[in-house]
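Reading through the structure tokens given below for one structure.
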Amino acid sequence: MAEKTSTTEMLRSTGTLAAEQRSPEGEDGGEAQRADIVDFKMVTFSLGGKDYGIDIMKVKEIAKIKSYTYVPNTPHFVRGVYNLRGDIISVLDLRRMFNLPVEEKEEGQPEDGLILRLEENLPFGVIVDRIDRVVGISRERIQPPHPIFADINLKYISGVVEHENRLYIILDVDRILAKEEEAPEASRGTEISALAGGSGTEEPGEARPAATGAAQPSARASETEDPEALTFEFVSETLATFAGFYVSDVNKAWMERRFGEWVRERQESGQDTQLSSAEDAAQYLRDFYSPHTGAFWPEAYGEEFRKLLPSDEPRGYTVWNPGCAKGFETYSLACILRSQFPEARLKIWAHDNDLLSVSTAPNLVVPLQGVPELHRKHMVAGKNGYAFSQEIQDLILFEYHDITSTNAIPEVDLIVARDVLSFLPVQQQQALLSEFSERLKEGGILVIGKNEELPGDEWKAVELKDIRAYRLKDAGG
């Protein structure tokens with residue numbers, strides 16, 4: 001730690017770490033000012049006692065790598081080739097590449113590694129001392145590399161950044177791969193042959209014999225975090241990147257269950273556990289959404305929803321429906337409420353930040369086929385299909401609105417926000433829950449996603465089969 005602190009101070013004194021990272025009130029001030037601007041995430045790890053990072057979008061997965069196949073006449077930092085679920089990939093030891101110390105360990109023990117992906121190249125693995133965690137920062141805070149890092153060629157460093165009093169050296173993996181390809185012609189030919197599956201007398205997956213005079217791998221694998229926990233963190237981070245889905249106490253129970261299913265599914269199909277595209281993220285989230293998302297609610301679901309409503313008709317009843325999208329859910333709410341309370345004054349505030357969807361919702365026209373019976377009696381025929389009656393439309397105010405901004409609505413009896421919380425950053429989830437508790441009348445009902453749940457003791461769960469609902473507790477509990 002003394003070395004890291006010294007390096008950080010030296011960089012500050014030379015001006016390499018930008019002055020705007022430090023506030024007059026203290027070292028953490030600049031960090032706090034940028035805490036909510038996270039547009040770069042990196043997987044962090046240690047090499048030779050220093051902290052390093054690699055852009056998470058370059059990381060295919062983490063792995064415990066062992067049982068290499070030795071490839072003759074390759075550079076000293078090429079450990080060999082490795083069978084990754086049928087793909088034969090080359091494995092580099094970053095410690096040897098950068099001439100850093102490598103602690104000895106017993107032969108056959110797995111080592112911490114990252115499987116990296118580069119455009120137009122096969123995946124390849126790198127060995128490190130210890131995998132740490134995923135760190136999110138602002139790109140603006142990344143500074144150019146400095147000659148102080150003389151133990152590593154500067155061309156392999158894309159930048160440096162300070163985060164939580166730790167200095168991270170961000171590696172340029174594209175240039176690192178280029179170094180591997182700079183091997184002598186004969187060596188390259190041998191390695192290419194190995195990548196194609198012909199490594200000589202040994203089959204992929206056999207243990208590589210120790211090269212004469214070569215340093216042995218690090219002995220720190222037993223101290224490393226659980227690889228599955230790290231993979232869980234990587235998947236969580238990439239869900240945020242590709243789908244805007246943020247793992248928190250609200251959805252962690254579902255996330256943990258789904259992660260176990262996902263790992264089994266991907267292993268059985270020979271695919272990577274890590275998410276690499278928006279399509280992967282959509283596949284991961286396929287069973288997260290509440291029943292009948294983006295559709296009218298059928299009769300059975302409507303009957304279950306009625307159990308949340310007062311048994312006696314009130315004089316007035318108000319609803320807030322954030323995340324209304326194209327309005328199918330909102331119209332179902334309006335039909336249920338009018339059927340339940342034929343004489344009450346009803347009002348539904350329906351908000352969404354998708355301008356196209358919310359602007360077309362008031363003029364929704366659909367074919368009658370497939371529309372539940374409850375809705376049909378509130379619809380009228382038109383030239384192009386069926387629309388909702390003026391009475392139903394008058395109950396709803398569709399508005400374009402970002403729910404994380406000020407919500408200028410009065411107190412309401414019911415909030416229906418299915419699956420909304422999970423698609424907000426964690427701090428905004430917490431802020432919105434506070435907003436919900438402020439907007440609900442005493443004893444009011446909050447409906448969230450079926451696979452979401454509310455932490456803490458401010459809310460009391462309402463037991464229903466397909467609907468996750470909570471009642472706001474009064475002051476007396």
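Chains: A, B, ... in order of the structure tokens. Residues: from 1 per chain. Ligands: from 1, in order shown.
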
How close does segment 304-398 of chain A get to segment 403-420 of chain A? List, as CSV, each residue of segment 304-398 of chain A within 7 Å, its nearest atom pair and the distance in Å to one decimal, counting only C-alpha atoms.
```
residue,atom,partner,partner_atom,distance
A:Tyr317,CA,A:Asp413,CA,6.2
A:Thr318,CA,A:Val412,CA,5.0
A:Val319,CA,A:Leu414,CA,4.8
A:Trp320,CA,A:Ile415,CA,4.8
A:Asn321,CA,A:Val416,CA,4.9
A:Pro322,CA,A:Ala417,CA,5.6
A:Gly323,CA,A:Val420,CA,6.3
```

**Request:** Considering only C-alpha atoms, return as a PyMOL selection string whatever protein or nucleic-acid residues lie within 8 Å of Ser138 of chain A, sequence-local ones (same chain, fewer than 4 positions apart) excluded.
**Result:** chain A and resi 34+37-40+142

**Request:** Skip Arg376 of chain A itself and residues of its chain fewer than 2 positions away, then list as a ChimeraX atom specification all residues within 10 Å of it, counting only C-alpha atoms.
**Result:** /A:335,368-374,378-380,386-389

**Polymer residues at most 10 Å from Gln340 of chain A, only C-alpha atoms, same-chain spacing of 6 or more positions, as a PyMOL selection string** = chain A and resi 306+309-313+334

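We find atom CA of Thr273 of chain A and atom CA of Thr69 of chain A to be spaced 23.6 Å apart.
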